[in-house]
file final-v9.cif (mmCIF, C-alpha atoms)
data_query
loop_
_atom_site.label_atom_id
_atom_site.label_comp_id
_atom_site.auth_asym_id
_atom_site.auth_seq_id
_atom_site.Cartn_x
_atom_site.Cartn_y
_atom_site.Cartn_z
CA MET A 493 -16.46 3.13 -10.00
CA ALA A 494 -14.18 5.26 -7.85
CA GLN A 495 -11.04 3.75 -6.38
CA GLN A 496 -11.08 3.16 -2.64
CA PRO A 497 -8.46 4.88 -0.45
CA VAL A 498 -5.30 2.82 -0.06
CA GLU A 499 -6.01 2.32 3.65
CA MET A 500 -9.28 0.58 2.74
CA ILE A 501 -7.57 -1.45 0.02
CA LEU A 502 -4.95 -2.70 2.46
CA LEU A 503 -7.61 -3.48 5.08
CA LYS A 504 -9.61 -5.48 2.55
CA GLN A 505 -6.52 -7.46 1.61
CA TRP A 506 -5.86 -8.12 5.28
CA ALA A 507 -9.48 -9.11 5.91
CA GLU A 508 -9.38 -11.61 3.06
CA HIS A 509 -6.76 -13.51 5.04
CA MET A 510 -8.57 -13.40 8.37
CA GLY A 511 -10.66 -16.06 10.06
CA SER A 512 -12.49 -13.37 12.02
CA SER A 513 -15.55 -11.77 10.49
CA VAL A 514 -14.68 -8.32 9.18
CA TRP A 515 -16.67 -5.69 7.38
CA LEU A 516 -15.70 -2.33 6.01
CA MET A 517 -17.91 0.71 5.64
CA ASP A 518 -16.96 3.92 3.90
CA ALA A 519 -17.42 7.36 5.40
CA ALA A 520 -20.90 7.63 3.90
CA GLY A 521 -22.01 4.48 5.70
CA ASN A 522 -21.99 2.21 2.66
CA LEU A 523 -20.94 -1.38 3.30
CA VAL A 524 -18.14 -1.73 0.75
CA TYR A 525 -16.76 -5.14 1.74
CA TYR A 526 -17.14 -8.07 4.08
CA ASN A 527 -15.08 -11.25 4.16
CA GLU A 528 -15.98 -14.92 3.95
CA PRO A 529 -16.39 -15.54 7.71
CA ALA A 530 -18.80 -12.58 7.79
CA GLU A 531 -20.76 -14.13 4.94
CA GLN A 532 -21.47 -17.13 7.18
CA ILE A 533 -23.05 -14.90 9.79
CA LEU A 534 -24.85 -12.54 7.44
CA GLY A 535 -26.12 -15.36 5.24
CA LEU A 536 -25.25 -13.61 2.02
CA ARG A 537 -22.16 -13.80 -0.14
CA PHE A 538 -20.58 -10.44 -0.75
CA ASP A 539 -20.21 -11.22 -4.44
CA GLU A 540 -24.00 -11.56 -4.60
CA ALA A 541 -24.74 -8.54 -2.45
CA GLY A 542 -22.18 -6.16 -3.89
CA GLU A 543 -21.73 -2.78 -2.30
CA ILE A 544 -24.68 -2.04 -0.04
CA ASN A 545 -25.70 1.51 0.63
CA ALA A 546 -26.72 2.72 4.06
CA ASP A 547 -30.45 2.62 3.26
CA GLN A 548 -30.36 -0.98 2.04
CA LEU A 549 -28.49 -2.29 5.08
CA ALA A 550 -31.47 -2.30 7.40
CA GLU A 551 -33.50 -4.25 4.85
CA LEU A 552 -30.85 -6.92 4.37
CA PHE A 553 -29.91 -7.55 7.98
CA GLN A 554 -32.41 -6.94 10.77
CA THR A 555 -30.65 -6.25 14.05
CA THR A 556 -31.98 -6.36 17.59
CA TYR A 557 -30.53 -6.78 21.05
CA PRO A 558 -30.24 -10.44 22.16
CA ASP A 559 -33.44 -10.09 24.17
CA GLY A 560 -35.29 -9.06 21.02
CA SER A 561 -35.63 -5.40 21.86
CA THR A 562 -35.07 -2.77 19.20
CA VAL A 563 -31.68 -1.21 18.65
CA ALA A 564 -31.81 2.46 17.82
CA THR A 565 -29.80 3.10 14.66
CA ASP A 566 -27.56 5.61 16.39
CA GLN A 567 -26.63 2.93 18.95
CA LEU A 568 -25.26 0.46 16.41
CA PRO A 569 -21.47 0.16 16.89
CA VAL A 570 -20.72 1.00 13.26
CA VAL A 571 -22.86 4.12 13.46
CA VAL A 572 -21.26 5.19 16.73
CA ALA A 573 -17.80 4.68 15.24
CA LEU A 574 -18.71 6.72 12.18
CA THR A 575 -20.54 9.56 13.84
CA LYS A 576 -18.56 9.93 17.06
CA ARG A 577 -15.19 8.66 15.84
CA ILE A 578 -14.84 6.39 18.84
CA PRO A 579 -14.65 2.59 19.18
CA SER A 580 -17.92 0.94 20.06
CA HIS A 581 -18.91 -2.54 21.18
CA ALA A 582 -22.28 -4.26 21.55
CA GLU A 583 -23.95 -7.63 21.88
CA LEU A 584 -26.53 -7.96 19.12
CA ARG A 585 -28.79 -10.44 17.39
CA ILE A 586 -28.87 -10.59 13.60
CA HIS A 587 -31.73 -11.99 11.60
CA ASN A 588 -30.00 -12.81 8.38
CA ARG A 589 -31.02 -13.37 4.77
CA MET A 590 -31.13 -17.15 5.24
CA GLY A 591 -33.78 -16.78 7.93
CA GLU A 592 -31.27 -17.65 10.63
CA THR A 593 -30.85 -15.87 13.94
CA LYS A 594 -27.29 -15.27 15.09
CA ASP A 595 -26.18 -13.78 18.40
CA ILE A 596 -23.01 -11.84 17.89
CA GLU A 597 -20.65 -9.42 19.56
CA VAL A 598 -19.48 -6.52 17.43
CA THR A 599 -16.59 -4.12 17.86
CA ALA A 600 -16.41 -1.22 15.44
CA LEU A 601 -13.45 1.10 15.01
CA PRO A 602 -13.36 4.43 13.23
CA LEU A 603 -10.83 4.53 10.38
CA VAL A 604 -8.99 7.82 10.43
CA ALA A 605 -6.27 8.58 7.89
CA ALA A 606 -2.94 10.20 8.73
CA ASP A 607 -4.36 13.53 7.61
CA GLN A 608 -7.30 13.00 10.01
CA ARG A 609 -9.88 12.36 7.29
CA LEU A 610 -12.54 9.88 8.32
CA LEU A 611 -12.36 6.99 5.86
CA GLY A 612 -15.09 4.82 7.35
CA THR A 613 -15.30 2.10 9.93
CA MET A 614 -14.14 -1.46 10.36
CA ALA A 615 -16.30 -3.86 12.33
CA ILE A 616 -15.05 -7.18 13.65
CA PHE A 617 -17.69 -9.54 14.92
CA TRP A 618 -18.02 -13.06 16.15
CA GLU A 619 -20.86 -15.38 16.93
CA THR A 620 -21.53 -15.97 20.62
CA VAL A 621 -22.51 -19.38 21.86
CA GLY A 622 -24.91 -20.06 24.68
CA MET B 231 5.15 19.11 -20.40
CA ARG B 232 8.43 17.33 -20.79
CA ALA B 233 9.82 14.61 -18.52
CA ARG B 234 13.46 13.71 -18.25
CA LEU B 235 14.79 10.80 -16.24
CA TRP B 236 17.84 11.57 -14.10
CA GLY B 237 17.63 8.56 -11.80
CA THR B 238 15.86 5.26 -12.42
CA ARG B 239 17.48 2.86 -9.95
CA GLY B 240 15.70 1.65 -6.85
CA SER B 241 16.84 1.04 -3.30
CA LEU B 242 20.55 1.77 -3.75
CA ALA B 243 22.64 3.60 -6.33
CA ARG B 244 24.73 1.23 -8.41
CA SER B 245 27.45 2.60 -10.63
CA GLY B 246 29.56 0.56 -13.01
CA PRO B 247 29.71 -0.73 -16.54
CA ALA B 248 26.65 -2.97 -16.07
CA THR B 249 24.28 -0.10 -15.27
CA ILE B 250 25.32 2.60 -17.72
CA ARG B 251 22.31 2.63 -20.05
CA TYR B 252 19.44 2.19 -17.58
CA GLY B 253 21.38 4.22 -15.06
CA GLY B 254 22.78 3.70 -11.60
CA ASP B 255 21.38 6.77 -9.86
CA THR B 256 18.28 6.55 -7.71
CA ALA B 257 14.88 8.09 -8.39
CA CYS B 258 14.72 11.55 -9.88
CA VAL B 259 12.52 12.84 -12.71
CA GLN B 260 12.55 16.39 -14.02
CA ILE B 261 9.30 17.89 -15.27
CA SER B 262 9.35 21.07 -17.35
CA SER B 263 6.04 22.72 -18.12
CA THR B 264 5.18 24.69 -21.22
CA THR B 265 5.21 27.83 -19.06
CA ASP B 266 8.71 27.14 -17.74
CA ASP B 267 7.76 25.72 -14.35
CA HIS B 268 10.40 23.41 -12.88
CA ILE B 269 9.19 20.41 -10.95
CA ILE B 270 11.34 17.52 -9.73
CA LEU B 271 9.87 14.23 -8.68
CA ASP B 272 12.00 12.72 -5.91
CA ALA B 273 15.50 13.63 -4.86
CA GLY B 274 17.47 10.43 -5.27
CA SER B 275 21.12 10.55 -6.28
CA GLY B 276 20.07 11.50 -9.82
CA ILE B 277 19.29 15.02 -8.63
CA LEU B 278 23.02 15.78 -8.40
CA ALA B 279 23.48 15.68 -12.17
CA LEU B 280 20.18 17.50 -12.68
CA GLY B 281 21.40 20.38 -10.52
CA GLU B 282 24.72 20.50 -12.33
CA ASN B 283 22.94 20.73 -15.66
CA LEU B 284 20.75 23.68 -14.77
CA ILE B 285 22.72 26.23 -16.79
CA GLU B 286 20.51 29.09 -15.72
CA PRO B 287 18.75 28.03 -12.53
CA PRO B 288 15.19 29.32 -12.38
CA GLU B 289 13.98 31.50 -9.54
CA ARG B 290 11.71 28.75 -8.29
CA ILE B 291 12.03 24.98 -8.23
CA ASP B 292 9.46 22.61 -6.72
CA ILE B 293 10.62 19.21 -5.49
CA LEU B 294 7.91 16.65 -4.79
CA LEU B 295 9.02 13.78 -2.58
CA SER B 296 6.90 10.69 -3.00
CA HIS B 297 8.15 9.39 0.35
CA LEU B 298 11.16 9.62 2.58
CA HIS B 299 13.05 6.38 2.00
CA MET B 300 16.74 7.10 1.55
CA ASP B 301 16.88 6.35 -2.17
CA HIS B 302 14.38 9.20 -2.70
CA ILE B 303 16.04 11.87 -0.57
CA GLN B 304 19.72 11.01 -0.50
CA GLY B 305 20.56 13.47 -3.28
CA LEU B 306 18.76 16.39 -1.69
CA GLY B 307 21.72 17.78 0.22
CA PHE B 308 23.81 17.71 -2.95
CA PHE B 309 21.37 19.72 -5.08
CA GLN B 310 23.29 22.90 -5.80
CA PRO B 311 20.27 25.27 -6.09
CA LEU B 312 19.63 24.67 -2.36
CA TYR B 313 22.70 26.79 -1.69
CA SER B 314 22.00 29.49 -4.26
CA PRO B 315 20.71 32.84 -2.94
CA ASP B 316 18.89 33.40 -6.22
CA VAL B 317 16.73 30.29 -6.13
CA MET B 318 13.79 29.44 -3.89
CA VAL B 319 13.35 25.69 -3.60
CA HIS B 320 9.98 24.48 -2.44
CA ILE B 321 10.10 20.95 -1.06
CA TRP B 322 6.81 19.10 -0.80
CA GLY B 323 6.65 15.80 1.04
CA PRO B 324 4.39 13.61 3.12
CA ALA B 325 3.82 14.44 6.74
CA SER B 326 3.14 11.55 9.09
CA ALA B 327 0.20 11.35 11.46
CA THR B 328 2.24 13.15 14.10
CA GLU B 329 5.16 14.94 12.39
CA ASP B 330 5.34 17.52 9.63
CA ILE B 331 7.68 17.22 6.67
CA ARG B 332 10.26 19.55 8.22
CA THR B 333 10.60 17.40 11.30
CA ARG B 334 10.79 14.20 9.29
CA LEU B 335 13.27 15.50 6.73
CA SER B 336 15.46 17.10 9.38
CA ARG B 337 16.36 13.65 10.61
CA TYR B 338 18.41 13.23 7.45
CA LEU B 339 19.49 16.84 6.85
CA SER B 340 21.23 17.25 10.19
CA PRO B 341 24.30 15.81 11.94
CA PRO B 342 25.41 13.10 12.24
CA LEU B 343 23.93 12.01 8.91
CA PHE B 344 24.60 15.28 7.05
CA PRO B 345 26.81 18.26 7.92
CA VAL B 346 24.33 20.97 6.88
CA ARG B 347 21.14 21.46 8.83
CA LEU B 348 17.88 21.91 6.98
CA ARG B 349 17.09 24.96 9.11
CA ASP B 350 20.26 26.67 7.86
CA LEU B 351 19.13 26.60 4.24
CA SER B 352 17.55 30.00 3.78
CA GLY B 353 16.29 29.40 0.25
CA VAL B 354 14.14 26.41 1.13
CA GLU B 355 10.46 26.35 1.92
CA LEU B 356 8.86 23.14 3.12
CA HIS B 357 5.27 22.09 2.56
CA ASP B 358 3.32 19.14 3.85
CA LEU B 359 2.10 17.51 0.68
CA PRO B 360 -1.70 17.49 0.63
CA ARG B 361 -3.64 14.44 -0.40
CA GLY B 362 -5.72 15.75 -3.24
CA GLU B 363 -4.93 18.47 -5.73
CA LEU B 364 -2.49 21.33 -6.01
CA GLU B 365 -1.29 23.50 -8.85
CA ILE B 366 2.27 24.47 -9.60
CA GLY B 367 2.35 26.94 -12.45
CA SER B 368 0.45 25.47 -15.35
CA ILE B 369 0.56 21.91 -14.03
CA LYS B 370 -2.27 20.41 -12.02
CA ILE B 371 -1.03 17.74 -9.66
CA THR B 372 -3.19 15.11 -8.03
CA THR B 373 -1.67 13.14 -5.18
CA ASP B 374 -2.90 10.01 -3.47
CA SER B 375 -1.49 7.56 -0.99
CA ILE B 376 -0.39 4.29 -2.53
CA SER B 377 0.65 0.90 -1.24
CA HIS B 378 4.26 1.06 -0.03
CA PRO B 379 5.71 0.85 3.49
CA GLY B 380 5.54 4.25 5.15
CA HIS B 381 3.45 7.11 3.90
CA THR B 382 3.93 7.19 0.12
CA PHE B 383 2.32 9.27 -2.60
CA GLY B 384 1.68 8.67 -6.27
CA PHE B 385 1.55 11.74 -8.51
CA ARG B 386 -0.66 12.55 -11.47
CA LEU B 387 0.48 15.59 -13.44
CA GLU B 388 -1.78 17.19 -16.03
CA GLU B 389 -1.13 19.98 -18.49
CA ASN B 390 -2.77 20.81 -21.81
CA GLY B 391 -4.62 17.52 -21.93
CA GLY B 392 -1.54 15.43 -21.28
CA VAL B 393 -1.27 13.17 -18.22
CA LEU B 394 1.88 11.80 -16.62
CA ALA B 395 1.52 9.37 -13.73
CA TYR B 396 4.43 8.61 -11.40
CA MET B 397 4.52 5.75 -8.94
CA SER B 398 8.14 4.90 -8.38
CA ASP B 399 7.55 2.65 -5.38
CA HIS B 400 4.30 0.75 -5.42
CA GLU B 401 3.40 -2.78 -4.35
CA LEU B 402 0.42 -3.86 -6.41
CA GLY B 403 0.36 -7.49 -5.37
CA LEU B 404 0.31 -7.22 -1.60
CA GLY B 405 -2.33 -9.45 -0.15
CA GLY B 406 -3.17 -11.90 -2.86
CA ALA B 407 -2.44 -13.66 -6.09
CA GLY B 408 -3.82 -12.27 -9.30
CA LEU B 409 -3.59 -8.63 -8.28
CA PRO B 410 -4.17 -6.12 -9.78
CA ASN B 411 -7.62 -7.25 -10.78
CA ASP B 412 -10.24 -4.63 -9.90
CA PRO B 413 -9.90 -0.85 -10.36
CA GLN B 414 -11.97 -0.06 -7.27
CA TRP B 415 -9.65 -2.12 -5.09
CA THR B 416 -6.33 -1.40 -6.76
CA SER B 417 -3.98 1.09 -5.16
CA GLY B 418 -2.92 3.86 -7.54
CA TYR B 419 -5.65 3.31 -10.11
CA CYS B 420 -6.99 6.86 -9.84
CA ILE B 421 -3.48 8.21 -10.34
CA ALA B 422 -2.80 6.17 -13.47
CA GLU B 423 -6.20 6.05 -15.16
CA GLY B 424 -5.89 7.01 -18.81
CA ALA B 425 -2.38 8.45 -18.47
CA ASP B 426 -0.31 9.16 -21.55
CA LEU B 427 2.84 8.15 -19.71
CA LEU B 428 3.06 5.99 -16.61
CA ILE B 429 6.38 5.72 -14.78
CA HIS B 430 5.94 2.69 -12.56
CA ASP B 431 7.80 0.46 -10.16
CA ALA B 432 8.88 -2.80 -11.82
CA GLN B 433 11.65 -3.95 -9.54
CA TYR B 434 11.24 -7.70 -9.45
CA THR B 435 10.79 -10.81 -11.49
CA ASP B 436 8.01 -13.12 -10.30
CA ASP B 437 10.56 -15.37 -8.56
CA GLU B 438 12.23 -12.45 -6.82
CA TYR B 439 8.90 -11.08 -5.62
CA ALA B 440 8.00 -14.38 -4.00
CA GLU B 441 10.91 -13.81 -1.61
CA ARG B 442 10.21 -10.09 -1.10
CA ILE B 443 6.49 -9.79 -0.44
CA GLY B 444 5.76 -6.73 1.66
CA TRP B 445 8.94 -4.91 0.70
CA GLY B 446 6.87 -2.41 -1.26
CA HIS B 447 7.54 -3.14 -4.91
CA SER B 448 5.93 -4.67 -7.97
CA THR B 449 6.94 -7.19 -10.58
CA PHE B 450 7.38 -6.46 -14.26
CA LYS B 451 4.28 -8.50 -14.96
CA GLN B 452 2.14 -6.69 -12.37
CA ALA B 453 3.23 -3.32 -13.74
CA VAL B 454 2.14 -4.32 -17.24
CA GLU B 455 -1.20 -5.67 -16.00
CA PHE B 456 -1.79 -2.50 -14.02
CA ALA B 457 -0.97 -0.31 -17.02
CA GLU B 458 -3.41 -2.29 -19.14
CA MET B 459 -6.15 -2.07 -16.52
CA ALA B 460 -5.63 1.67 -16.19
CA GLU B 461 -5.63 2.03 -19.99
CA VAL B 462 -2.44 4.06 -20.11
CA ARG B 463 -0.78 4.74 -23.44
CA LYS B 464 2.84 4.14 -22.52
CA MET B 465 4.57 2.70 -19.48
CA LEU B 466 8.18 3.00 -18.40
CA THR B 467 9.55 0.42 -16.00
CA PHE B 468 11.26 2.16 -13.09
CA HIS B 469 12.99 1.59 -9.76
CA HIS B 470 15.31 -1.00 -11.24
CA ASP B 471 16.72 -3.44 -8.74
CA PRO B 472 20.39 -2.74 -7.95
CA SER B 473 21.23 -6.32 -8.95
CA HIS B 474 19.71 -5.99 -12.41
CA SER B 475 22.23 -5.25 -15.15
CA ASP B 476 21.52 -3.49 -18.42
CA ALA B 477 21.68 -6.81 -20.23
CA PHE B 478 19.20 -8.38 -17.81
CA LEU B 479 16.80 -5.44 -18.09
CA ASP B 480 17.04 -5.56 -21.89
CA GLU B 481 16.06 -9.21 -21.79
CA VAL B 482 13.17 -8.79 -19.38
CA THR B 483 11.81 -5.67 -21.08
CA ALA B 484 11.85 -7.43 -24.45
CA SER B 485 9.79 -10.24 -22.96
CA LEU B 486 6.99 -7.91 -21.81
CA HIS B 487 4.01 -7.84 -24.14
CA SER B 488 0.82 -5.87 -24.24
CA ASN B 489 -1.74 -5.37 -26.96
CA THR B 490 -2.77 -1.99 -25.61
CA VAL B 491 0.19 -0.41 -23.81
CA GLU B 492 3.55 0.62 -25.24
CA ILE B 493 6.17 -0.65 -22.82
CA ALA B 494 9.75 0.51 -22.45
CA GLY B 495 12.48 0.31 -19.87
CA GLY B 496 13.10 3.56 -18.03
CA MET B 497 16.61 4.66 -18.94
CA VAL B 498 18.59 7.53 -17.50
CA GLY B 499 18.54 10.48 -19.88
CA GLY B 500 15.25 9.44 -21.44
CA GLN B 501 13.05 12.40 -22.40
CA PHE B 502 9.35 12.32 -23.11
CA GLU B 503 6.86 14.88 -24.32
CA VAL B 504 3.44 14.52 -22.68
CA GLY B 505 0.46 16.43 -24.01
CA ALA B 506 0.35 19.29 -26.45
#

call {"tool": "encode", "arguments": {"input": "final-v9.cif", "output": "structure tokens"}}
result
Amino acid sequence: MAQQPVEMILLKQWAEHMGSSVWLMDAAGNLVYYNEPAEQILGLRFDEAGEINADQLAELFQTTYPDGSTVATDQLPVVVALTKRIPSHAELRIHNRMGETKDIEVTALPLVAADQRLLGTMAIFWETVG
Amino acid sequence: MRARLWGTRGSLARSGPATIRYGGDTACVQISSTTDDHIILDAGSGILALGENLIEPPERIDILLSHLHMDHIQGLGFFQPLYSPDVMVHIWGPASATEDIRTRLSRYLSPPLFPVRLRDLSGVELHDLPRGELEIGSIKITTDSISHPGHTFGFRLEENGGVLAYMSDHELGLGGAGLPNDPQWTSGYCIAEGADLLIHDAQYTDDEYAERIGWGHSTFKQAVEFAEMAEVRKMLTFHHDPSHSDAFLDEVTASLHSNTVEIAGGMVGGQFEVGA
């Protein structure tokens, strides 16, 4: 398995220490890591899921807007961050692997290396109450 | 290719009777290819003696700077071939997100820190070091960013089937206990994988590291574990702490064990053949 870029390695190490939910996607849109707080929202331990490719993501976590309406893929914050290289924020509802429904807010940031290569995106999300 | 160590000390040069064998000069490794290419890894204070020992300076010398901390560039202005009209010195180093290597290096090679300005050296050509691959003569060089404060590169040099990996400043354990533990998530793995010779940061004991987390360096133990994970053949400890005497380094090096990796302390003057 190929080594991740050092920027992603350092972000993963940082995320392991965070109480906020963090996930990391590579430039190809593969979910390469999420931390323990994110596991609580997604309903699936990362050790069980392993690296999830872009095609599998939609099967594992169904996402809608809080009112139940469909979110176009290209409107998902992580997709916007990857494709447009801009930060993106949205209020979403996740239907997770445990059969739970979680309302969350997500902010995704593009990860751009010093040499301007796009490394992927980091999403921070938190569960909204009420 | 052949590697020769001219500087093995980390952080600060330390001369005196206690550092004679491992060496007191800071990072500098000379690489000579089978086709007579001259590559120098880092320009610590060890580069002074290297320059003095070039009996017939070649027409071209390539200096690769892993990063721009002082112990890796402080010898640059004292490298005699920089002032020779018959030698072209190519200096490769990391740009930042906003400044090229010339701008960054000029901060040191200009008054008040140094009397000679970089721009006044006519026989010098500067290159932003790419992240990826480049070729210098018969040597293929792969670079990648590694974990160390500031923008820092590790180097993988390949020639005739031989591989030398160089990571003089590299913090393997940043972020958690038990690291390194997974090739995919270990900084520098792709540089070191399967190398015949790995020159690697081993600045601290475990106790010292506990007080210096985030300073950018590894422990002896982490360096050995990393070498085993990367399945290298031989590893030299490098970037010796200025407070570590020859006697201390002898003792620590003797205590390092591996069933798969030959381990030795990096000593000034050491020479190593890598590949055919």

call {"tool": "residues_around", "arguments": {"input": "final-v9.cif", "residues": "Asn489 of chain B", "least_positions_apart": "6", "cutoff": "12 Å", "atoms": "all atoms listed in the file", "output": "list in words"}}
result
Val454, Glu455, Ala457, Glu458, Met459, Glu461, Val462, Arg463 and Lys464 of chain B

call {"tool": "resolve_selection", "arguments": {"input": "final-v9.cif", "expression": "the PyMOL selection byres ((chain B and resi 326) around 9)", "output": "list in words"}}
result
Ala606 and Asp607 of chain A; Pro324, Ala325, Ala327, Thr328, Glu329, Asp330, Ile331, Arg334, Gly380 and His381 of chain B

call {"tool": "atom_distance", "arguments": {"input": "final-v9.cif", "atom1": "atom CA of Phe383 of chain B", "atom2": "atom CA of Gly240 of chain B"}}
result
16.0 Å

call {"tool": "closest_residue", "arguments": {"input": "final-v9.cif", "among": "B:Ile369, B:Leu359, B:Val504, B:Val259", "to": "chain A", "atoms": "all atoms listed in the file"}}
result
B:Leu359

call {"tool": "atom_distance", "arguments": {"input": "final-v9.cif", "atom1": "atom CA of Ala546 of chain A", "atom2": "atom CA of Pro413 of chain B"}}
result
22.4 Å

call {"tool": "resolve_selection", "arguments": {"input": "final-v9.cif", "expression": "the PyMOL selection byres ((chain B) within 9 of (chain A))", "output": "PyMOL selection string"}}
result
chain B and resi 325-328+360-361+374-377+381+404-406+413-420

call {"tool": "resolve_selection", "arguments": {"input": "final-v9.cif", "expression": "the PyMOL selection byres ((chain A and resi 580-595) around 9)", "output": "number ranges by chain"}}
result
A: 533-536, 552-560, 563, 567-573, 578-579, 596-602, 618-622

call {"tool": "write_last_selection", "arguments": {"input": "final-v9.cif", "atoms": "C-alpha atoms", "output": "PDB file, in the coordinates of the input"}}
result
ATOM      1  CA  ILE A 533     -23.050 -14.900   9.790  1.00  0.00           C
ATOM      2  CA  LEU A 534     -24.850 -12.540   7.440  1.00  0.00           C
ATOM      3  CA  GLY A 535     -26.120 -15.360   5.240  1.00  0.00           C
ATOM      4  CA  LEU A 536     -25.250 -13.610   2.020  1.00  0.00           C
ATOM      5  CA  LEU A 552     -30.850  -6.920   4.370  1.00  0.00           C
ATOM      6  CA  PHE A 553     -29.910  -7.550   7.980  1.00  0.00           C
ATOM      7  CA  GLN A 554     -32.410  -6.940  10.770  1.00  0.00           C
ATOM      8  CA  THR A 555     -30.650  -6.250  14.050  1.00  0.00           C
ATOM      9  CA  THR A 556     -31.980  -6.360  17.590  1.00  0.00           C
ATOM     10  CA  TYR A 557     -30.530  -6.780  21.050  1.00  0.00           C
ATOM     11  CA  PRO A 558     -30.240 -10.440  22.160  1.00  0.00           C
ATOM     12  CA  ASP A 559     -33.440 -10.090  24.170  1.00  0.00           C
ATOM     13  CA  GLY A 560     -35.290  -9.060  21.020  1.00  0.00           C
ATOM     14  CA  VAL A 563     -31.680  -1.210  18.650  1.00  0.00           C
ATOM     15  CA  GLN A 567     -26.630   2.930  18.950  1.00  0.00           C
ATOM     16  CA  LEU A 568     -25.260   0.460  16.410  1.00  0.00           C
ATOM     17  CA  PRO A 569     -21.470   0.160  16.890  1.00  0.00           C
ATOM     18  CA  VAL A 570     -20.720   1.000  13.260  1.00  0.00           C
ATOM     19  CA  VAL A 571     -22.860   4.120  13.460  1.00  0.00           C
ATOM     20  CA  VAL A 572     -21.260   5.190  16.730  1.00  0.00           C
ATOM     21  CA  ALA A 573     -17.800   4.680  15.240  1.00  0.00           C
ATOM     22  CA  ILE A 578     -14.840   6.390  18.840  1.00  0.00           C
ATOM     23  CA  PRO A 579     -14.650   2.590  19.180  1.00  0.00           C
ATOM     24  CA  ILE A 596     -23.010 -11.840  17.890  1.00  0.00           C
ATOM     25  CA  GLU A 597     -20.650  -9.420  19.560  1.00  0.00           C
ATOM     26  CA  VAL A 598     -19.480  -6.520  17.430  1.00  0.00           C
ATOM     27  CA  THR A 599     -16.590  -4.120  17.860  1.00  0.00           C
ATOM     28  CA  ALA A 600     -16.410  -1.220  15.440  1.00  0.00           C
ATOM     29  CA  LEU A 601     -13.450   1.100  15.010  1.00  0.00           C
ATOM     30  CA  PRO A 602     -13.360   4.430  13.230  1.00  0.00           C
ATOM     31  CA  TRP A 618     -18.020 -13.060  16.150  1.00  0.00           C
ATOM     32  CA  GLU A 619     -20.860 -15.380  16.930  1.00  0.00           C
ATOM     33  CA  THR A 620     -21.530 -15.970  20.620  1.00  0.00           C
ATOM     34  CA  VAL A 621     -22.510 -19.380  21.860  1.00  0.00           C
ATOM     35  CA  GLY A 622     -24.910 -20.060  24.680  1.00  0.00           C
TER      36      GLY A 622
END

call {"tool": "closest_residue", "arguments": {"input": "final-v9.cif", "among": "B:Ile293, B:Ala460, B:Val482, B:Ile261", "to": "Asp412 of chain B", "atoms": "all atoms listed in the file"}}
result
B:Ala460

call {"tool": "atom_distance", "arguments": {"input": "final-v9.cif", "atom1": "atom CA of Ala248 of chain B", "atom2": "atom CA of Gly403 of chain B"}}
result
28.7 Å

call {"tool": "build_atoms", "arguments": {"input": "final-v9.cif", "residues": "segment 262-269 of chain B", "atoms": "N, CA, C and O atoms", "output": "PDB file, in the coordinates of the input"}}
result
ATOM      1  N   SER B 262       9.322  19.671 -16.905  1.00  0.00           N
ATOM      2  CA  SER B 262       9.350  21.070 -17.350  1.00  0.00           C
ATOM      3  C   SER B 262       8.020  21.363 -18.026  1.00  0.00           C
ATOM      4  O   SER B 262       7.620  20.662 -18.965  1.00  0.00           O
ATOM      5  N   SER B 263       7.345  22.402 -17.547  1.00  0.00           N
ATOM      6  CA  SER B 263       6.040  22.720 -18.120  1.00  0.00           C
ATOM      7  C   SER B 263       6.207  23.621 -19.329  1.00  0.00           C
ATOM      8  O   SER B 263       7.298  24.163 -19.590  1.00  0.00           O
ATOM      9  N   THR B 264       5.135  23.817 -20.044  1.00  0.00           N
ATOM     10  CA  THR B 264       5.180  24.690 -21.220  1.00  0.00           C
ATOM     11  C   THR B 264       5.319  26.150 -20.819  1.00  0.00           C
ATOM     12  O   THR B 264       5.641  26.996 -21.640  1.00  0.00           O
ATOM     13  N   THR B 265       5.068  26.450 -19.535  1.00  0.00           N
ATOM     14  CA  THR B 265       5.210  27.830 -19.060  1.00  0.00           C
ATOM     15  C   THR B 265       6.463  27.993 -18.199  1.00  0.00           C
ATOM     16  O   THR B 265       6.551  28.894 -17.381  1.00  0.00           O
ATOM     17  N   ASP B 266       7.396  27.056 -18.379  1.00  0.00           N
ATOM     18  CA  ASP B 266       8.710  27.140 -17.740  1.00  0.00           C
ATOM     19  C   ASP B 266       8.673  26.938 -16.225  1.00  0.00           C
ATOM     20  O   ASP B 266       9.480  27.517 -15.490  1.00  0.00           O
ATOM     21  N   ASP B 267       7.740  26.139 -15.751  1.00  0.00           N
ATOM     22  CA  ASP B 267       7.760  25.720 -14.350  1.00  0.00           C
ATOM     23  C   ASP B 267       8.719  24.537 -14.222  1.00  0.00           C
ATOM     24  O   ASP B 267       8.812  23.706 -15.130  1.00  0.00           O
ATOM     25  N   HIS B 268       9.401  24.466 -13.081  1.00  0.00           N
ATOM     26  CA  HIS B 268      10.400  23.410 -12.880  1.00  0.00           C
ATOM     27  C   HIS B 268       9.993  22.554 -11.688  1.00  0.00           C
ATOM     28  O   HIS B 268      10.016  23.022 -10.547  1.00  0.00           O
ATOM     29  N   ILE B 269       9.630  21.338 -11.986  1.00  0.00           N
ATOM     30  CA  ILE B 269       9.190  20.410 -10.950  1.00  0.00           C
ATOM     31  C   ILE B 269      10.115  19.190 -10.991  1.00  0.00           C
ATOM     32  O   ILE B 269      10.478  18.706 -12.074  1.00  0.00           O
TER      33      ILE B 269
END
